[in-house]
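Enquirer: Structure provided below as structure tokens; questions to follow.
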Number of protein chains: 2
Amino acid sequence: MSTPVYNRVALIGLGLIASSMFWAMKRGGLAGEVTGFAKSEASRETARRIGLCDRVCDSAAEAVADADLVVLCVPVGAMGAVAKEIAPHLKAGATVTDVGSVKRDVIEAVGPHLPDGVHFVPAHPLAGTEHSGPESGFAELFDNRWCLLVPVEGSDPEAVAQLRALWEGMGANVDEMDADHHDLVLAVTSHTPHLIAYTMVGVADDLRRVTDSEVIKYSAAGFRDFTRIAASDPTMWRDVFLTNKDATLEILGRFTEELFALQRAIRTGDGEHLHQYFTRTREIRRGIIEAGQDTAAPNFGREAPKA
Amino acid sequence: MSTPVYNRVALIGLGLIASSMFWAMKRGGLAGEVTGFAKSEASRETARRIGLCDRVCDSAAEAVADADLVVLCVPVGAMGAVAKEIAPHLKAGATVTDVGSVKRDVIEAVGPHLPDGVHFVPAHPLAGTEHSGPESGFAELFDNRWCLLVPVEGSDPEAVAQLRALWEGMGANVDEMDADHHDLVLAVTSHTPHLIAYTMVGVADDLRRVTDSEVIKYSAAGFRDFTRIAASDPTMWRDVFLTNKDATLEILGRFTEELFALQRAIRTGDGEHLHQYFTRTREIRRGIIEAGQDTAAPNFGREAPKA
């Protein structure tokens, strides 16, 4: 077992990301002791039952006491309140980080509460599934995925380097960028796609002439991928859209503009426009496969369920 | 080996669906001899090299001669011309079917060319990948997927039953519905989702402030699924939108309406509206998993690529 990156780590919030972090830290021997806290008593009980965290605490204050790293794993909209609650109990020299999908808003909500002598290094692992809760985590979630560190002005380089070592130990590739650029990139690659998937699934559900059972039975060709995205945690995503409002609305505007152009091409029968557009988007997919972020295996994700 | 369902089957067009049908028919011993034809000489050469079809012919007329079942596996926009070309060479009593994603347009394009005494049973297997061409097929593509049969007025019940037996032998579940309902259901579950995915990928590609390499690197959370959909064959999808124009435009209209409502909720900060919407869409996903059309495995589709 290698030397731990941190002696004591506290996970505040015990959902998909926190539980995956715990298993990944255990796999890599990256933390001495991991404490955990969840607001819901049911989640704490589940965590204790499945051995999630070395010690599950009944308050956030207790969980962060003496921790070298505190990871805020709550919905973006709850970050500020949690930071305020734990601030008086943080050890001098500790690092506070988070795993929120939005960074500018979290920095503004959390930063002011943290005392001098505590390092703040916001972060965002680009990994997830449509599942949530303490039982949804698994050690491999971050393997070969990106984690973006978003150091704030005056972030201690050593604190940043230590957090980077933790994420690399959990299998992630690490990049750094500033908060505003992060929020724009994520609006393109994650937030707007999620909103669109939610919308399409809602439309299908609303149509009375197409029954629910038909939509569900015949979902294989396209729609199925949307439903997976649209099954993500509602609270987390509500907070993402409310806190990354400007970038999401901007990308949505661009999306609508493009969609209307394609819609007009369909209406006027402009096959050349459609073919050119679809040929261009195909190239982007090739880039993603070459970048190792997906596989081109022909039956990828399509194994037949057991009868 | 069981008794073949058809003594001789001709595949016209040798892309993903035709090649998967060939391997699935071989797996199940469902056809005596399978002939094949592709318009492109390169595709015919590839087919010969990889053993796709028992006999690759240099004309469609030669391929369909003496065939008991002829399967049109060309883009929807090419169906009419192919039907006209093969019509004089069809055996009396043969069945002609297709695998097109749109049914009303194909019925109108193909039906008038077929001579009396030839049965026409349109079909649509709801299965695919983002890959195309003769090398993209695999025997398991249709396992536990739906194939929709869309009999036309006067379709011979025995011809329909025989085609059903073939699809069931290739692993598919079979349903029947009429052409207009098929085209509406598919507009919801497949055609509009594809157009939306194409659009979103195009938007990402257009943005100058977010580089292509960023989009590609950070695609894991949502966008990656869109790029897979948006990598599908451009010619096939151009034809789908041009031939299922009315249903696609109708569903797009509903989609835009819903999207604008969610956009307004974001702009006005109406978190309750967003949360309710996202909770409802999550339920649909559960239905799909219960219907056996996907798996809930926590690391589904997310195996780390080999380093």
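Residue names in the structure tokens use chain letters A, B, ... in the order shown, residue numbers from 1 in each chain, and ligand numbers from 1 in the order shown.
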Please identify the alpha helix (DSSP H) residues within segment 15-228 of chain B (assignment by DSSP from backbone atoms) and present them as number ranges by chain.
Expert: B: 16-28, 41-50, 60-64, 79-86, 104-110, 157-169, 179-186, 192-206, 212-217, 223-228
Enquirer: Keeping only C-alpha atoms, write those residues as a CSV table (one decimal), in the first residue's frame.
Expert:
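The resulting file, part_38.csv, is shown below:
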```csv
chain,number,residue,atom,x,y,z
B,16,LEU,CA,-25.1,-2.4,-41.2
B,17,ILE,CA,-28.6,-4.0,-41.3
B,18,ALA,CA,-28.1,-6.3,-44.3
B,19,SER,CA,-24.8,-7.6,-42.9
B,20,SER,CA,-26.2,-8.1,-39.5
B,21,MET,CA,-29.1,-10.0,-41.0
B,22,PHE,CA,-26.7,-12.2,-42.9
B,23,TRP,CA,-24.8,-13.2,-39.8
B,24,ALA,CA,-28.0,-13.6,-37.8
B,25,MET,CA,-29.5,-15.9,-40.5
B,26,LYS,CA,-26.4,-18.0,-40.6
B,27,ARG,CA,-26.4,-18.2,-36.8
B,28,GLY,CA,-29.9,-19.5,-36.8
B,41,GLU,CA,-18.1,-2.1,-56.3
B,42,ALA,CA,-15.9,-1.5,-53.2
B,43,SER,CA,-18.7,-2.8,-51.0
B,44,ARG,CA,-19.1,-5.9,-53.1
B,45,GLU,CA,-15.4,-6.6,-52.9
B,46,THR,CA,-15.4,-6.1,-49.2
B,47,ALA,CA,-18.4,-8.5,-48.9
B,48,ARG,CA,-16.6,-11.1,-50.9
B,49,ARG,CA,-13.4,-10.7,-48.8
B,50,ILE,CA,-15.2,-11.2,-45.4
B,60,ALA,CA,-29.6,-6.6,-58.4
B,61,ALA,CA,-31.4,-8.5,-61.1
B,62,GLU,CA,-29.0,-11.4,-60.7
B,63,ALA,CA,-29.3,-11.3,-56.9
B,64,VAL,CA,-33.1,-11.5,-56.8
B,79,MET,CA,-36.1,2.2,-52.4
B,80,GLY,CA,-38.4,3.2,-55.3
B,81,ALA,CA,-35.6,3.0,-57.9
B,82,VAL,CA,-34.4,-0.3,-56.7
B,83,ALA,CA,-37.9,-1.8,-56.7
B,84,LYS,CA,-38.4,-0.6,-60.3
B,85,GLU,CA,-35.1,-2.2,-61.3
B,86,ILE,CA,-35.7,-5.6,-59.7
B,104,ARG,CA,-45.6,5.4,-45.6
B,105,ASP,CA,-43.1,6.8,-48.1
B,106,VAL,CA,-41.5,3.4,-48.8
B,107,ILE,CA,-44.9,1.8,-49.4
B,108,GLU,CA,-45.8,4.5,-51.9
B,109,ALA,CA,-42.4,4.3,-53.6
B,110,VAL,CA,-42.1,0.5,-53.8
B,157,PRO,CA,-51.2,-13.6,-44.0
B,158,GLU,CA,-48.9,-16.5,-44.7
B,159,ALA,CA,-46.2,-14.2,-46.2
B,160,VAL,CA,-46.5,-12.1,-43.1
B,161,ALA,CA,-46.2,-15.1,-40.8
B,162,GLN,CA,-43.2,-16.4,-42.7
B,163,LEU,CA,-41.4,-13.0,-42.4
B,164,ARG,CA,-42.3,-12.9,-38.7
B,165,ALA,CA,-40.7,-16.3,-38.2
B,166,LEU,CA,-37.5,-15.1,-39.9
B,167,TRP,CA,-37.2,-12.0,-37.6
B,168,GLU,CA,-38.0,-14.1,-34.5
B,169,GLY,CA,-35.3,-16.5,-35.6
B,179,ALA,CA,-47.7,2.8,-41.6
B,180,ASP,CA,-48.9,6.2,-40.3
B,181,HIS,CA,-48.8,5.1,-36.7
B,182,HIS,CA,-45.3,3.7,-37.2
B,183,ASP,CA,-44.1,6.9,-38.7
B,184,LEU,CA,-45.4,8.9,-35.8
B,185,VAL,CA,-44.0,6.6,-33.1
B,186,LEU,CA,-40.6,6.6,-34.8
B,192,THR,CA,-36.5,13.7,-33.7
B,193,PRO,CA,-33.9,12.5,-31.1
B,194,HIS,CA,-31.5,12.0,-33.9
B,195,LEU,CA,-32.1,15.5,-35.3
B,196,ILE,CA,-31.6,17.0,-31.9
B,197,ALA,CA,-28.4,15.1,-31.3
B,198,TYR,CA,-27.1,16.2,-34.7
B,199,THR,CA,-28.0,19.8,-33.8
B,200,MET,CA,-26.3,19.8,-30.4
B,201,VAL,CA,-23.1,18.3,-31.8
B,202,GLY,CA,-23.1,20.9,-34.6
B,203,VAL,CA,-23.5,23.7,-32.0
B,204,ALA,CA,-20.5,22.5,-30.1
B,205,ASP,CA,-18.5,22.3,-33.2
B,206,ASP,CA,-19.4,25.9,-34.2
B,212,ASP,CA,-12.9,21.2,-30.5
B,213,SER,CA,-10.3,19.5,-28.4
B,214,GLU,CA,-12.1,20.7,-25.2
B,215,VAL,CA,-15.5,19.4,-26.5
B,216,ILE,CA,-13.9,16.1,-27.3
B,217,LYS,CA,-11.9,15.7,-24.1
B,223,PHE,CA,-22.5,15.0,-24.8
B,224,ARG,CA,-20.8,11.7,-25.6
B,225,ASP,CA,-24.1,10.0,-26.0
B,226,PHE,CA,-25.2,12.7,-28.4
B,227,THR,CA,-22.1,12.3,-30.5
B,228,ARG,CA,-22.7,8.6,-30.9
```
Enquirer: Could you list, as an mmCIF file with C-alpha atoms, in the first residue's frame, every residue within 10 Å of Asp175 of chain B, counting only C-alpha atoms and ignoring same-chain residues fewer than 4 positions away?
Expert:
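Writing the result to part_34.cif gives the following:
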```cif
data_model
loop_
_atom_site.group_PDB
_atom_site.id
_atom_site.type_symbol
_atom_site.label_atom_id
_atom_site.label_comp_id
_atom_site.auth_asym_id
_atom_site.auth_seq_id
_atom_site.Cartn_x
_atom_site.Cartn_y
_atom_site.Cartn_z
ATOM 1 C CA ALA B 123 -40.707 -4.075 -42.044
ATOM 2 C CA TRP B 146 -38.213 -5.028 -31.813
ATOM 3 C CA CYS B 147 -38.963 -5.500 -35.474
ATOM 4 C CA LEU B 148 -42.147 -3.805 -36.650
ATOM 5 C CA LEU B 149 -44.042 -5.374 -39.540
ATOM 6 C CA VAL B 150 -46.277 -2.974 -41.444
ATOM 7 C CA ARG B 164 -42.255 -12.893 -38.692
#
```
Enquirer: One decimal, Å: what's the distance from atom CA of Leu14 of chain A over to atom CA of Pro134 of chain A, could you say?
Expert: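 So the answer is 5.3 Å.
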Enquirer: What is the atom CA of Val5 of chain B to atom CA of Met170 of chain B distance in Å?
Expert: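 Pair atom CA of Val5 of chain B / atom CA of Met170 of chain B returns 10.9 Å.
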Enquirer: Using DSSP on the backbone coordinates, identify the residues of segment 57-280 of chain A assigned to strand (DSSP E); present them as an NGL selection string.
Expert: :A and (69-72 or 95-98 or 119-120 or 123-125 or 146-149 or 173-176)
